[in-house]
>>> print(open('data-v1.txt').read())   # compact mmCIF, C-alpha atoms
# COMPACT_ATOMS: atom_id res chain seq x y z
CA MET A 125 -28.92 -3.88 12.04
CA ILE A 126 -26.88 -4.21 8.83
CA ARG A 127 -23.16 -4.00 9.43
CA ARG A 128 -21.46 -2.06 6.66
CA MET A 129 -18.03 -3.35 5.73
CA PHE A 130 -15.06 -2.02 3.81
CA THR A 131 -12.11 -3.80 2.24
CA GLY A 132 -9.48 -1.43 3.59
CA ILE A 133 -8.37 -0.60 0.05
CA THR A 134 -8.64 3.17 -0.24
CA ARG A 135 -9.87 4.28 -3.67
CA GLY A 136 -8.23 7.70 -3.66
CA THR A 137 -8.13 11.05 -1.91
CA PHE A 138 -10.83 13.66 -2.44
CA PRO A 139 -11.18 17.30 -1.37
CA VAL A 140 -13.31 18.59 1.48
CA VAL A 141 -15.25 21.44 -0.14
CA SER A 142 -17.40 22.68 2.74
CA VAL A 143 -17.28 22.56 6.54
CA VAL A 144 -20.05 23.75 8.86
CA ARG A 145 -19.50 23.57 12.61
CA GLU A 146 -22.47 23.44 14.96
CA PRO A 147 -22.67 22.61 18.67
CA ALA A 148 -21.65 18.94 19.03
CA LEU A 149 -21.95 18.43 15.27
CA LEU A 150 -19.78 18.81 12.19
CA ARG A 151 -21.41 18.93 8.76
CA TYR A 152 -19.02 18.64 5.85
CA ALA A 153 -19.06 17.93 2.13
CA VAL A 154 -16.57 15.98 0.04
CA ASP A 155 -16.38 16.25 -3.74
CA LEU A 156 -16.25 12.61 -4.85
CA GLY A 157 -16.41 13.35 -8.57
CA GLU A 158 -17.24 10.26 -10.62
CA TYR A 159 -16.54 8.01 -7.64
CA GLY A 160 -19.76 9.29 -6.07
CA ALA A 161 -21.92 8.14 -9.00
CA GLY A 162 -24.85 6.03 -7.84
CA LEU A 163 -24.51 6.92 -4.17
CA GLU A 164 -27.81 7.16 -2.32
CA LEU A 165 -28.88 8.81 0.91
CA GLY A 166 -28.04 6.57 3.84
CA ALA A 167 -25.15 4.86 2.08
CA SER A 168 -21.97 4.21 4.06
CA VAL A 169 -18.65 5.75 3.06
CA SER A 170 -15.30 5.52 4.83
CA ILE A 171 -13.78 8.99 5.32
CA ASP A 172 -10.21 8.70 6.63
CA GLY A 173 -11.26 5.34 8.03
CA VAL A 174 -14.41 6.57 9.77
CA CYS A 175 -17.71 5.02 8.67
CA GLN A 176 -19.97 7.92 7.72
CA THR A 177 -23.53 8.00 6.41
CA VAL A 178 -24.46 10.03 3.34
CA ALA A 179 -26.70 12.82 4.67
CA LYS A 180 -27.23 14.90 1.52
CA LEU A 181 -26.32 14.78 -2.16
CA GLU A 182 -25.57 17.85 -4.26
CA GLY A 183 -24.25 16.43 -7.52
CA ALA A 184 -20.71 15.28 -6.89
CA ARG A 185 -20.76 16.95 -3.47
CA VAL A 186 -21.61 14.44 -0.77
CA TRP A 187 -22.52 15.67 2.70
CA PHE A 188 -21.84 13.87 5.97
CA ASP A 189 -22.62 14.59 9.63
CA ALA A 190 -20.14 13.76 12.40
CA ILE A 191 -21.56 13.78 15.93
CA GLN A 192 -19.60 14.62 19.08
CA GLU A 193 -18.62 11.02 19.88
CA THR A 194 -17.09 10.72 16.42
CA LEU A 195 -15.32 14.06 16.78
CA ASP A 196 -13.91 12.99 20.16
CA LYS A 197 -12.48 9.69 18.87
CA THR A 198 -11.27 10.60 15.39
CA THR A 199 -9.45 13.24 13.37
CA LEU A 200 -12.62 14.47 11.64
CA GLY A 201 -13.01 17.38 14.05
CA ALA A 202 -9.90 18.98 12.54
CA LEU A 203 -11.23 18.95 8.97
CA GLU A 204 -10.96 22.18 7.03
CA GLU A 205 -11.99 23.18 3.52
CA GLY A 206 -9.33 22.14 1.04
CA ALA A 207 -8.17 19.14 3.05
CA GLU A 208 -7.78 15.83 1.21
CA VAL A 209 -9.39 12.76 2.77
CA SER A 210 -8.97 9.08 1.97
CA VAL A 211 -12.23 7.54 0.76
CA GLU A 212 -13.70 4.07 0.24
CA ARG A 213 -17.32 3.21 -0.46
CA SER A 214 -18.80 0.23 1.40
CA ALA A 215 -18.17 -3.18 -0.14
CA LYS A 216 -20.82 -4.98 -2.13
CA VAL A 217 -21.45 -8.72 -2.28
CA GLY A 218 -18.94 -10.20 -4.68
CA ASP A 219 -16.33 -7.46 -4.28
CA GLU A 220 -12.76 -8.67 -3.95
CA ILE A 221 -11.39 -8.26 -0.43
CA GLY A 222 -7.89 -7.02 -1.20
CA GLY A 223 -7.11 -5.95 2.36
CA HIS A 224 -8.97 -7.25 5.41
CA ASP A 225 -12.47 -6.74 6.78
CA VAL A 226 -12.72 -3.15 8.03
CA SER A 227 -15.81 -1.78 9.75
CA GLY A 228 -14.95 1.91 9.98
CA HIS A 229 -15.36 1.79 13.76
CA VAL A 230 -12.29 3.71 14.84
CA VAL A 231 -11.06 2.91 18.34
CA GLY A 232 -9.20 6.21 18.62
CA THR A 233 -6.28 8.13 17.18
CA GLY A 234 -2.58 7.41 17.03
CA GLU A 235 0.30 9.77 16.37
CA ILE A 236 3.00 9.49 13.73
CA ALA A 237 6.19 9.41 15.77
CA ALA A 238 8.63 9.29 12.85
CA VAL A 239 8.74 9.25 9.05
CA GLN A 240 11.55 7.58 7.16
CA LYS A 241 11.86 7.74 3.37
CA ASP A 242 13.98 5.15 1.60
CA GLY A 243 13.79 5.30 -2.17
CA HIS A 244 10.22 4.59 -3.22
CA GLU A 245 9.27 3.33 0.23
CA VAL A 246 8.02 5.35 3.18
CA VAL A 247 8.19 3.92 6.69
CA LEU A 248 5.88 5.34 9.34
CA THR A 249 6.36 4.75 13.04
CA VAL A 250 3.00 5.13 14.76
CA ARG A 251 2.50 5.62 18.49
CA VAL A 252 -0.72 4.44 20.18
CA PRO A 253 -1.82 3.98 23.80
CA PRO A 254 0.23 1.09 25.28
CA ALA A 255 -2.98 -0.79 26.17
CA TRP A 256 -3.65 -1.28 22.45
CA MET A 257 -0.32 -2.94 21.73
CA LYS A 258 -1.46 -6.41 22.79
CA TYR A 259 -3.67 -6.31 19.68
CA VAL A 260 -0.89 -5.09 17.36
CA MET A 261 1.33 -7.93 16.19
CA PRO A 262 4.07 -8.17 13.56
CA LYS A 263 2.59 -9.32 10.22
CA GLY A 264 -0.89 -8.70 11.61
CA PHE A 265 -3.46 -6.33 10.14
CA ILE A 266 -4.36 -2.82 11.23
CA ALA A 267 -6.38 -0.08 9.54
CA ILE A 268 -4.85 3.41 9.52
CA ASP A 269 -7.10 6.15 8.12
CA GLY A 270 -9.13 3.33 6.59
CA SER A 271 -6.25 1.66 4.76
CA SER A 272 -5.60 -2.00 5.50
CA LEU A 273 -1.89 -2.27 6.33
CA THR A 274 0.46 -4.99 7.52
CA VAL A 275 2.23 -4.30 10.81
CA GLY A 276 6.03 -4.32 10.77
CA GLU A 277 8.21 -4.23 13.86
CA THR A 278 6.55 -3.44 17.18
CA ASP A 279 7.84 -1.94 20.43
CA ASP A 280 5.36 -2.69 23.20
CA ALA A 281 7.23 -0.64 25.80
CA ALA A 282 7.19 2.47 23.61
CA GLY A 283 3.68 1.80 22.29
CA THR A 284 4.89 2.02 18.68
CA PHE A 285 4.81 -0.03 15.49
CA ARG A 286 6.16 0.45 11.99
CA LEU A 287 4.30 0.51 8.68
CA TYR A 288 5.97 0.10 5.31
CA LEU A 289 4.08 2.00 2.60
CA ILE A 290 4.50 1.03 -1.04
CA PRO A 291 4.11 3.54 -3.89
CA GLU A 292 0.55 2.43 -4.68
CA THR A 293 -0.54 3.07 -1.10
CA LEU A 294 1.11 6.48 -1.21
CA ARG A 295 -0.66 7.28 -4.49
CA LEU A 296 -4.15 6.39 -3.29
CA THR A 297 -4.02 7.68 0.30
CA ASN A 298 -2.97 10.80 2.19
CA LEU A 299 -0.54 8.91 4.43
CA GLY A 300 2.52 10.02 2.49
CA ALA A 301 1.65 13.66 3.16
CA LYS A 302 1.59 13.24 6.93
CA GLY A 303 4.60 14.22 8.98
CA ALA A 304 5.76 13.49 12.50
CA GLY A 305 3.17 14.62 15.03
CA ALA A 306 0.20 14.13 12.70
CA LYS A 307 -2.80 12.23 14.03
CA VAL A 308 -4.24 9.17 12.30
CA ASN A 309 -7.40 7.14 12.83
CA VAL A 310 -6.79 3.63 14.12
CA GLU A 311 -9.03 0.58 13.77
CA LEU A 312 -7.72 -2.60 15.35
CA ASP A 313 -8.27 -5.92 13.61
CA PRO A 314 -11.49 -7.25 15.21
CA ARG A 315 -10.44 -10.88 14.89
CA THR A 316 -7.21 -10.23 16.75
CA VAL A 317 -9.10 -8.32 19.45
CA ALA A 318 -11.60 -11.17 19.87
CA ILE A 319 -8.87 -13.82 20.11
CA VAL A 320 -6.70 -11.90 22.58
CA ASP A 321 -9.65 -10.97 24.80
CA THR A 322 -10.97 -14.54 24.78
CA VAL A 323 -7.59 -16.01 25.72
CA GLU A 324 -7.15 -13.47 28.52
CA ARG A 325 -10.64 -14.22 29.85
CA VAL A 326 -10.09 -18.00 29.83
CA LEU A 327 -6.70 -17.66 31.55
CA ALA A 328 -8.22 -15.38 34.20
CA GLN A 329 -11.03 -17.87 34.85
CA ARG A 330 -8.42 -20.59 35.37
CA GLY A 331 -6.37 -18.38 37.64
CA LEU A 332 -3.50 -18.25 35.16
CA GLY A 333 -3.85 -14.61 34.08
>>> encode(input="data-v1.txt", output="structure tokens")
Amino acid sequence: MIRRMFTGITRGTFPVVSVVREPALLRYAVDLGEYGAGLELGASVSIDGVCQTVAKLEGARVWFDAIQETLDKTTLGALEEGAEVSVERSAKVGDEIGGHDVSGHVVGTGEIAAVQKDGHEVVLTVRVPPAWMKYVMPKGFIAIDGSSLTVGETDDAAGTFRLYLIPETLRLTNLGAKGAGAKVNVELDPRTVAIVDTVERVLAQRGLG
């Protein structure tokens, strides 16, 4: 199986132009404009951080199908016509990795607990299940709605961490439009997960965990 990867550098926001809800399935179309040029059926595209497969092409309109498991774990189930989603096409060999390796395999959703605006900078405080916090470390990587971001301060007890968004991130993503209480898709850094889980397993085997 080929593992599709993304760089975590969102290329812009694009409008959802059609939404069709069926039992345990959501079909939706995004108008990618010129960014969709050359896309083929079966290609992988990150929609708000969720790896989706191109199901149908109608000019600039690109259709995707989200099954129930995806709807249960991500924010895609709340999509409506007119919504703007953050988009990145899968990386090709030779592409510059400006963020970190992102797979589009969302572990679940977090909630924006607070938004602070300071000049050109926006600071988001994101709340996630406390069990995830062992994988979220200051200066480490995390993907929020598909964007590779550096973690700021963390509060393990509260299950929160801070993200400092620069103007370019705000321009290319929909994160600046989200307020307190909004849900976001979270993908933990797989390398951090592997290291933490391995260390915990070794310590448990030695009776030190």
>>> atom_distance(input="data-v1.txt", atom1="atom CA of A:Glu204", atom2="atom CA of A:Glu245")
28.5 Å
>>> atom_distance(input="data-v1.txt", atom1="atom CA of A:Gln240", atom2="atom CA of A:Cys175")
29.4 Å
>>> closest_residue(input="data-v1.txt", among="A:Leu287, A:Val230, A:Leu332, A:Ala304", to="A:Ile171", atoms="all atoms listed in the file")
A:Val230
>>> closest_residue(input="data-v1.txt", among="A:Asn298, A:Ser210, A:Ser168, A:Thr198", to="A:Asp155", atoms="only C-alpha atoms")
A:Ser210
>>> atom_distance(input="data-v1.txt", atom1="atom CA of A:Leu150", atom2="atom CA of A:Ala184")
19.4 Å
>>> residues_around(input="data-v1.txt", residues="A:Gly305", least_positions_apart="2", cutoff="7 Å", atoms="only C-alpha atoms", output="PyMOL selection string")
chain A and resi 235-237+303+307
>>> closest_residue(input="data-v1.txt", among="A:Ser214, A:Thr316, A:Ser272, A:Thr131", to="A:Gly166", atoms="only C-alpha atoms")
A:Ser214
>>> residues_near_point(input="data-v1.txt", point="(-14.8, 3.1, 1.5)", cutoff="7 Å", atoms="all atoms listed in the file", output="list in words")
Phe130, Thr134, Val169, Ser170, Val211, Glu212, Arg213 and Ser214 of chain A
>>> closest_residue(input="data-v1.txt", among="A:Ala267, A:Val154, A:Val144, A:Met257", to="A:Gly206", atoms="all atoms listed in the file")
A:Val154
>>> decode(input="data-v1.txt", residues="stretch 247-264 of chain A", atoms="N, CA and C atoms", output="mmCIF file, in the first residue's frame")
data_model
loop_
_atom_site.group_PDB
_atom_site.id
_atom_site.type_symbol
_atom_site.label_atom_id
_atom_site.label_comp_id
_atom_site.auth_asym_id
_atom_site.auth_seq_id
_atom_site.Cartn_x
_atom_site.Cartn_y
_atom_site.Cartn_z
ATOM 1 N N VAL A 247 -2.853 33.881 18.843
ATOM 2 C CA VAL A 247 -2.469 32.750 19.699
ATOM 3 C C VAL A 247 -3.719 31.920 19.994
ATOM 4 N N LEU A 248 -3.662 30.657 19.626
ATOM 5 C CA LEU A 248 -4.754 29.734 19.917
ATOM 6 C C LEU A 248 -4.365 28.829 21.069
ATOM 7 N N THR A 249 -5.279 28.665 22.010
ATOM 8 C CA THR A 249 -5.120 27.635 23.035
ATOM 9 C C THR A 249 -6.065 26.501 22.668
ATOM 10 N N VAL A 250 -5.501 25.321 22.473
ATOM 11 C CA VAL A 250 -6.265 24.163 22.013
ATOM 12 C C VAL A 250 -6.351 23.130 23.126
ATOM 13 N N ARG A 251 -7.559 22.614 23.344
ATOM 14 C CA ARG A 251 -7.770 21.583 24.354
ATOM 15 C C ARG A 251 -7.981 20.237 23.671
ATOM 16 N N VAL A 252 -7.277 19.211 24.150
ATOM 17 C CA VAL A 252 -7.395 17.854 23.614
ATOM 18 C C VAL A 252 -7.558 16.888 24.784
ATOM 19 N N PRO A 253 -7.944 15.633 24.523
ATOM 20 C CA PRO A 253 -8.018 14.660 25.608
ATOM 21 C C PRO A 253 -6.675 14.567 26.346
ATOM 22 N N PRO A 254 -6.686 14.567 27.680
ATOM 23 C CA PRO A 254 -5.431 14.541 28.446
ATOM 24 C C PRO A 254 -4.486 13.410 28.050
ATOM 25 N N ALA A 255 -5.026 12.283 27.601
ATOM 26 C CA ALA A 255 -4.178 11.146 27.216
ATOM 27 C C ALA A 255 -3.263 11.477 26.045
ATOM 28 N N TRP A 256 -3.626 12.481 25.248
ATOM 29 C CA TRP A 256 -2.790 12.851 24.107
ATOM 30 C C TRP A 256 -1.610 13.721 24.497
ATOM 31 N N MET A 257 -1.661 14.338 25.667
ATOM 32 C CA MET A 257 -0.679 15.353 26.020
ATOM 33 C C MET A 257 0.739 14.813 26.159
ATOM 34 N N LYS A 258 0.899 13.529 26.412
ATOM 35 C CA LYS A 258 2.257 12.996 26.500
ATOM 36 C C LYS A 258 2.970 13.039 25.151
ATOM 37 N N TYR A 259 2.190 13.228 24.075
ATOM 38 C CA TYR A 259 2.767 13.330 22.735
ATOM 39 C C TYR A 259 2.914 14.775 22.270
ATOM 40 N N VAL A 260 2.462 15.719 23.093
ATOM 41 C CA VAL A 260 2.482 17.135 22.715
ATOM 42 C C VAL A 260 3.518 17.842 23.580
ATOM 43 N N MET A 261 4.604 18.258 22.962
ATOM 44 C CA MET A 261 5.732 18.811 23.713
ATOM 45 C C MET A 261 6.097 20.198 23.192
ATOM 46 N N PRO A 262 6.494 21.103 24.083
ATOM 47 C CA PRO A 262 6.918 22.426 23.637
ATOM 48 C C PRO A 262 8.011 22.332 22.574
ATOM 49 N N LYS A 263 7.848 23.099 21.509
ATOM 50 C CA LYS A 263 8.756 23.131 20.354
ATOM 51 C C LYS A 263 8.636 21.898 19.473
ATOM 52 N N GLY A 264 7.708 20.996 19.825
ATOM 53 C CA GLY A 264 7.463 19.839 18.978
ATOM 54 C C GLY A 264 6.472 20.189 17.881
#
